[in-house]
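Visitor: This is the structure, below, for whatever I ask next.
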Amino acid sequence: AAATTVVTSTGEATDPALFATDRFWVSDQLSMIAGLRVDQYRANYKSVTVNGTYTQFKSPSFLFDPRASLVFELDETQTYYFSWGKAASPIGTSVVGSPTPISSAAQSALKPDKGESLELGAKISLFDGGLGLSGALFSQTKSNALQVDPVSGEVLLQSSQKQRVQGFAGQASGEVLPHLNLTASYTYLNPVIVSDATTPFNTGKQITFVPKNAASVWGDFDAGFLLSGFSFGGGMVYQSHRFNTYTAPNPATYPLGRIVEIPETVELDAEAAYKIDKLTFQLNINHIADRLNYSQTFGNRATPAAGRTFIFSAGVNL
């Protein structure tokens, strides 16, 4: 092993925090929810290399995260809300899960990345509770965003990006036909790097690892009228491609630049269950089409998802 190879390392973190929240009623229908959380996060990383070099880096961070929501409940079937909040992620949050969570004094001095979110949404119940609808428009902005080296996976020494994700999320669920319950959801995201002082050509590019479109549909059918205790269901999960990296144009290598993407995900699942007395038997078939999907992405790599999988389970209700 090289002289600089780490032989032993120790990571620890503490996060004492105080938080408070309360709800204030302006009227019978209008209320405000306000909260505040204060953290003193401390991460400590120690390592010893083959040549005996001992290093220790600490990364203390003070976090101040307020939030507030305005809620209008027109009646028992309709709720409308507007929420605002701030949050921060300090350096060293993966101090026990990353090989080099704090790799230098400069990195330990980085400030937390800070986020601000705005959301306007509604929840509506129709047909005496038979159908539930929910939807929200949102905007999330992150300043001082931490950047990760796509090769090593380490946090870079610059935190100059400002990122913004705007979008819409909607969901519908209910008994659309006798014995058939259906749940469908859709999310659209527009992830953009608003500015990048260190690497200006990143401005306007898509944020890595964020799919623009995601949708799912799942149905459960209660077939108890055919066979007591029998039910089955199935559904689909879809996720559009995820942007990974962008290489700027280079006359010698990539004259037009290079874009790396993780392909879209399409997964079909099904399940069947049978209950008799206190016993339950269930069979799940995941990823029926056995299509090549990717379950995780990190750095410049992607991990293939498991192929077609059969899971049989049995349980007893005591």
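By order of appearance in the structure tokens: chains A, B, ..., then residues from 1 within every chain, and ligands from 1 in the order shown.
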List the spatial neighbours of Ser240 in chain A as a list in words - criterion: any atom at most 12 Å away, only C-alpha atoms, same-chain residues fewer than 4 positions off excluded.
Guide: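 In the requested format, the answer is Tyr186, Thr187, Tyr188, Leu189, Phe209, Val210, Pro211, Lys212, Asn213, Ala214, Ala215, Ser216, Glu261, Ile262, Pro263, Glu264, Thr265, Val266, Glu267, Asn293 and Tyr294 of chain A.
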Visitor: For the structure I just gave you, how does DSSP split range 230-274 of chain A - specifically, which residues are strand (DSSP E)? Reply as a ChimeraX atom specification.
Guide: /A:230-239,242-247,258-262,265-274
Visitor: For Asp28 in chain A, list every protein, DNA or RNA residue within 9 Å, evaluated using only C-alpha atoms, and leave out those in the same chain fewer than 3 positions away; present the list as an MDAnalysis selection string.
Guide: chainID A and resid 25 31 73
Visitor: Could the residues in this selection be written to a file with C-alpha atoms, as a PDB file, in the first residue's frame?
Guide:
```
ATOM      1  CA  TRP A  25     -55.668  30.322  15.303  1.00  0.00           C
ATOM      2  CA  SER A  31     -54.386  29.257  11.370  1.00  0.00           C
ATOM      3  CA  GLU A  73     -59.419  24.826   6.232  1.00  0.00           C
TER       4      GLU A  73
END
```
Visitor: Identify which of the residues A:Thr297, A:Thr14, A:Ser69, A:Thr8 lies closest to Thr49 in chain A, counting only C-alpha atoms when measuring atom-to-atom distances.
Guide: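 Once distances to Thr49 in chain A are computed over only C-alpha atoms, the minimum belongs to A:Thr8.
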Visitor: Please, which residues in range 232-296 of chain A fall within 9 Å of range 302-313 of chain A when counting only C-alpha atoms, and what is the closest atom pair and distance in Å to one decimal for each, ordered by chain then residue number, as CSV?
Guide:
```
residue,atom,partner,partner_atom,distance
A:Ile262,CA,A:Ala302,CA,7.3
A:Thr280,CA,A:Ser313,CA,8.2
A:Phe281,CA,A:Ser313,CA,5.9
A:Gln282,CA,A:Ser313,CA,5.3
A:Leu283,CA,A:Phe312,CA,4.5
A:Asn284,CA,A:Ile311,CA,5.1
A:Ile285,CA,A:Phe310,CA,4.7
A:Asn286,CA,A:Thr309,CA,5.1
A:His287,CA,A:Arg308,CA,4.8
A:Ile288,CA,A:Arg308,CA,5.4
A:Ala289,CA,A:Arg308,CA,7.0
A:Asp290,CA,A:Arg308,CA,4.9
A:Arg291,CA,A:Gly307,CA,7.1
A:Leu292,CA,A:Pro304,CA,6.9
A:Asn293,CA,A:Ala305,CA,5.4
A:Tyr294,CA,A:Pro304,CA,4.2
A:Ser295,CA,A:Ala305,CA,4.7
A:Gln296,CA,A:Thr303,CA,5.1
```
Visitor: Go ahead and write the residues just picked, N, CA and C atoms, as an mmCIF file, in the first residue's frame.
Guide:
```cif
data_model
loop_
_atom_site.group_PDB
_atom_site.id
_atom_site.type_symbol
_atom_site.label_atom_id
_atom_site.label_comp_id
_atom_site.auth_asym_id
_atom_site.auth_seq_id
_atom_site.Cartn_x
_atom_site.Cartn_y
_atom_site.Cartn_z
ATOM 1 N N ILE A 262 -28.054 9.204 -16.734
ATOM 2 C CA ILE A 262 -28.548 7.901 -16.274
ATOM 3 C C ILE A 262 -29.871 7.644 -16.983
ATOM 4 N N THR A 280 -51.587 -14.879 7.031
ATOM 5 C CA THR A 280 -51.521 -14.097 5.795
ATOM 6 C C THR A 280 -50.377 -14.625 4.932
ATOM 7 N N PHE A 281 -50.686 -14.904 3.677
ATOM 8 C CA PHE A 281 -49.679 -15.349 2.716
ATOM 9 C C PHE A 281 -49.640 -14.343 1.568
ATOM 10 N N GLN A 282 -48.442 -13.963 1.160
ATOM 11 C CA GLN A 282 -48.327 -12.940 0.116
ATOM 12 C C GLN A 282 -47.179 -13.251 -0.831
ATOM 13 N N LEU A 283 -47.417 -12.995 -2.112
ATOM 14 C CA LEU A 283 -46.405 -13.163 -3.147
ATOM 15 C C LEU A 283 -46.223 -11.840 -3.863
ATOM 16 N N ASN A 284 -44.990 -11.344 -3.893
ATOM 17 C CA ASN A 284 -44.651 -10.119 -4.622
ATOM 18 C C ASN A 284 -43.734 -10.462 -5.793
ATOM 19 N N ILE A 285 -44.035 -9.897 -6.930
ATOM 20 C CA ILE A 285 -43.170 -10.021 -8.106
ATOM 21 C C ILE A 285 -42.732 -8.610 -8.469
ATOM 22 N N ASN A 286 -41.459 -8.330 -8.256
ATOM 23 C CA ASN A 286 -40.931 -7.009 -8.531
ATOM 24 C C ASN A 286 -40.159 -7.001 -9.849
ATOM 25 N N HIS A 287 -40.277 -5.911 -10.557
ATOM 26 C CA HIS A 287 -39.541 -5.712 -11.801
ATOM 27 C C HIS A 287 -39.864 -6.823 -12.800
ATOM 28 N N ILE A 288 -41.144 -6.971 -13.093
ATOM 29 C CA ILE A 288 -41.616 -8.064 -13.932
ATOM 30 C C ILE A 288 -40.927 -8.089 -15.293
ATOM 31 N N ALA A 289 -40.731 -6.930 -15.908
ATOM 32 C CA ALA A 289 -40.161 -6.868 -17.255
ATOM 33 C C ALA A 289 -38.668 -7.164 -17.275
ATOM 34 N N ASP A 290 -38.025 -7.185 -16.126
ATOM 35 C CA ASP A 290 -36.589 -7.472 -16.021
ATOM 36 C C ASP A 290 -35.757 -6.492 -16.864
ATOM 37 N N ARG A 291 -36.204 -5.252 -16.889
ATOM 38 C CA ARG A 291 -35.528 -4.206 -17.664
ATOM 39 C C ARG A 291 -34.309 -3.711 -16.887
ATOM 40 N N LEU A 292 -33.284 -3.246 -17.600
ATOM 41 C CA LEU A 292 -32.092 -2.714 -16.944
ATOM 42 C C LEU A 292 -32.391 -1.320 -16.401
ATOM 43 N N ASN A 293 -32.568 -1.223 -15.088
ATOM 44 C CA ASN A 293 -32.746 0.048 -14.404
ATOM 45 C C ASN A 293 -31.555 0.288 -13.483
ATOM 46 N N TYR A 294 -31.474 1.498 -12.962
ATOM 47 C CA TYR A 294 -30.390 1.842 -12.050
ATOM 48 C C TYR A 294 -30.977 2.375 -10.755
ATOM 49 N N SER A 295 -30.620 1.735 -9.636
ATOM 50 C CA SER A 295 -31.226 2.076 -8.354
ATOM 51 C C SER A 295 -30.498 3.197 -7.638
ATOM 52 N N GLN A 296 -29.193 3.333 -7.846
ATOM 53 C CA GLN A 296 -28.406 4.342 -7.149
ATOM 54 C C GLN A 296 -27.421 4.989 -8.109
#
```
Visitor: Name the residues in contact with Thr203 in chain A at a cut-off of 7 Å, using only C-alpha atoms, excluding same-chain residues fewer than 4 positions from it; report them as a PyMOL selection string.
Guide: chain A and resi 193-196
Visitor: Could you please take those selected residues and save N, CA, C and O atoms as a compact mmCIF listing (two decimals), in the first residue's frame?
Guide:
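Dumped to out-v2.txt:
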```txt
# COMPACT_ATOMS: atom_id res chain seq x y z
N ILE A 193 -29.00 24.95 -12.19
CA ILE A 193 -27.92 25.66 -11.52
C ILE A 193 -28.04 27.13 -11.88
O ILE A 193 -27.81 27.52 -13.03
N VAL A 194 -28.45 27.95 -10.93
CA VAL A 194 -28.71 29.36 -11.19
C VAL A 194 -27.41 30.12 -11.42
O VAL A 194 -27.32 30.98 -12.30
N SER A 195 -26.39 29.81 -10.63
CA SER A 195 -25.10 30.47 -10.80
C SER A 195 -23.99 29.59 -10.25
O SER A 195 -24.23 28.75 -9.37
N ASP A 196 -22.79 29.77 -10.77
CA ASP A 196 -21.62 29.02 -10.31
C ASP A 196 -20.40 29.91 -10.49
O ASP A 196 -19.89 30.08 -11.60
```
Visitor: Could you give me the residues within range 40-252 of chain A that DSSP places in alpha helix (DSSP H), as a ChimeraX atom specification?
Guide: /A:105-108
Visitor: Quick one: everything within 10 Å of Arg37 in chain A, counting only C-alpha atoms, minus sequence neighbours fewer than 2 positions away in the same chain. Send it as a compact mmCIF listing (two decimals) with N, CA, C and O atoms, in the first residue's frame.
Guide:
```
# COMPACT_ATOMS: atom_id res chain seq x y z
N ALA A 17 -29.64 19.98 19.91
CA ALA A 17 -30.55 20.90 19.24
C ALA A 17 -31.70 21.28 20.15
O ALA A 17 -32.10 20.52 21.04
N LEU A 18 -32.23 22.46 19.89
CA LEU A 18 -33.44 22.94 20.54
C LEU A 18 -34.45 23.29 19.46
O LEU A 18 -34.09 23.91 18.44
N PHE A 19 -35.69 22.89 19.67
CA PHE A 19 -36.70 23.25 18.68
C PHE A 19 -38.03 23.50 19.37
O PHE A 19 -38.32 22.95 20.44
N ALA A 20 -38.81 24.35 18.75
CA ALA A 20 -40.12 24.71 19.30
C ALA A 20 -41.08 24.95 18.14
O ALA A 20 -40.69 25.43 17.08
N THR A 21 -42.34 24.62 18.35
CA THR A 21 -43.36 24.85 17.33
C THR A 21 -44.70 25.11 18.02
O THR A 21 -44.94 24.62 19.13
N GLY A 35 -42.41 27.51 13.59
CA GLY A 35 -41.44 26.69 14.30
C GLY A 35 -40.03 27.20 14.11
O GLY A 35 -39.73 27.96 13.19
N ASP A 39 -29.40 24.20 15.97
CA ASP A 39 -28.47 23.08 16.14
C ASP A 39 -27.04 23.58 16.32
O ASP A 39 -26.65 24.60 15.75
N LEU A 63 -26.54 26.03 13.23
CA LEU A 63 -27.65 26.04 12.29
C LEU A 63 -28.86 26.72 12.91
O LEU A 63 -29.23 26.43 14.06
N PHE A 64 -29.49 27.60 12.16
CA PHE A 64 -30.66 28.35 12.61
C PHE A 64 -31.72 28.20 11.53
O PHE A 64 -31.61 28.79 10.45
N ASP A 65 -32.75 27.37 11.78
CA ASP A 65 -33.73 27.01 10.75
C ASP A 65 -35.16 27.35 11.18
O ASP A 65 -35.79 26.59 11.93
N PRO A 66 -35.71 28.47 10.72
CA PRO A 66 -37.11 28.80 11.00
C PRO A 66 -38.03 28.27 9.91
O PRO A 66 -37.60 27.99 8.78
N ARG A 67 -39.31 28.15 10.23
CA ARG A 67 -40.31 27.77 9.24
C ARG A 67 -41.69 28.24 9.69
O ARG A 67 -41.94 28.42 10.88
N LYS A 86 -36.58 27.37 6.05
CA LYS A 86 -35.16 27.35 5.76
C LYS A 86 -34.53 26.11 6.41
O LYS A 86 -34.98 25.66 7.46
N ALA A 87 -33.50 25.59 5.77
CA ALA A 87 -32.79 24.43 6.30
C ALA A 87 -31.33 24.50 5.88
O ALA A 87 -30.99 25.18 4.90
```
Visitor: Contacts of His179 in chain A at 10 Å or less, counting only C-alpha atoms, minus same-chain residues fewer than 3 places along, as a ChimeraX atom specification?
Guide: /A:175-176,182,220-225,231
Visitor: Write a file of the just-selected residues containing C-alpha atoms, as an mmCIF file, in the first residue's frame.
Guide:
```cif
data_model
loop_
_atom_site.group_PDB
_atom_site.id
_atom_site.type_symbol
_atom_site.label_atom_id
_atom_site.label_comp_id
_atom_site.auth_asym_id
_atom_site.auth_seq_id
_atom_site.Cartn_x
_atom_site.Cartn_y
_atom_site.Cartn_z
ATOM 1 C CA GLU A 175 -62.066 3.549 -5.018
ATOM 2 C CA VAL A 176 -62.482 4.266 -8.721
ATOM 3 C CA LEU A 182 -56.218 3.179 -7.305
ATOM 4 C CA ASP A 220 -55.421 -2.950 -5.325
ATOM 5 C CA PHE A 221 -58.349 -5.231 -6.093
ATOM 6 C CA ASP A 222 -60.284 -6.860 -3.263
ATOM 7 C CA ALA A 223 -61.399 -10.207 -4.711
ATOM 8 C CA GLY A 224 -63.014 -11.405 -1.501
ATOM 9 C CA PHE A 225 -66.325 -11.870 -3.291
ATOM 10 C CA SER A 231 -56.675 -9.732 -3.028
#
```
Visitor: Just the residues within 9 Å of Val71 in chain A, please, counting only C-alpha atoms, with nothing from its chain fewer than 3 positions along; format it as number ranges by chain.
Guide: A: 29-33, 79-83
Visitor: Mind giving me the straight-line distance from CA of Asn244 in chain A to CA of Val260 in chain A in Å, one decimal?
Guide: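 CA of Asn244 in chain A sits 5.3 Å away from CA of Val260 in chain A.
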Visitor: So the first atom is CA of Val237 in chain A and the second is CA of Leu268 in chain A; what is the distance between them in Å, to one decimal place?
Guide: 6.6 Å
Visitor: Could you check which of A:Ile207, A:Val50, A:Ala172, A:Ile259 is closest to Val192 in chain A, using only C-alpha atoms?
Guide: A:Ile207
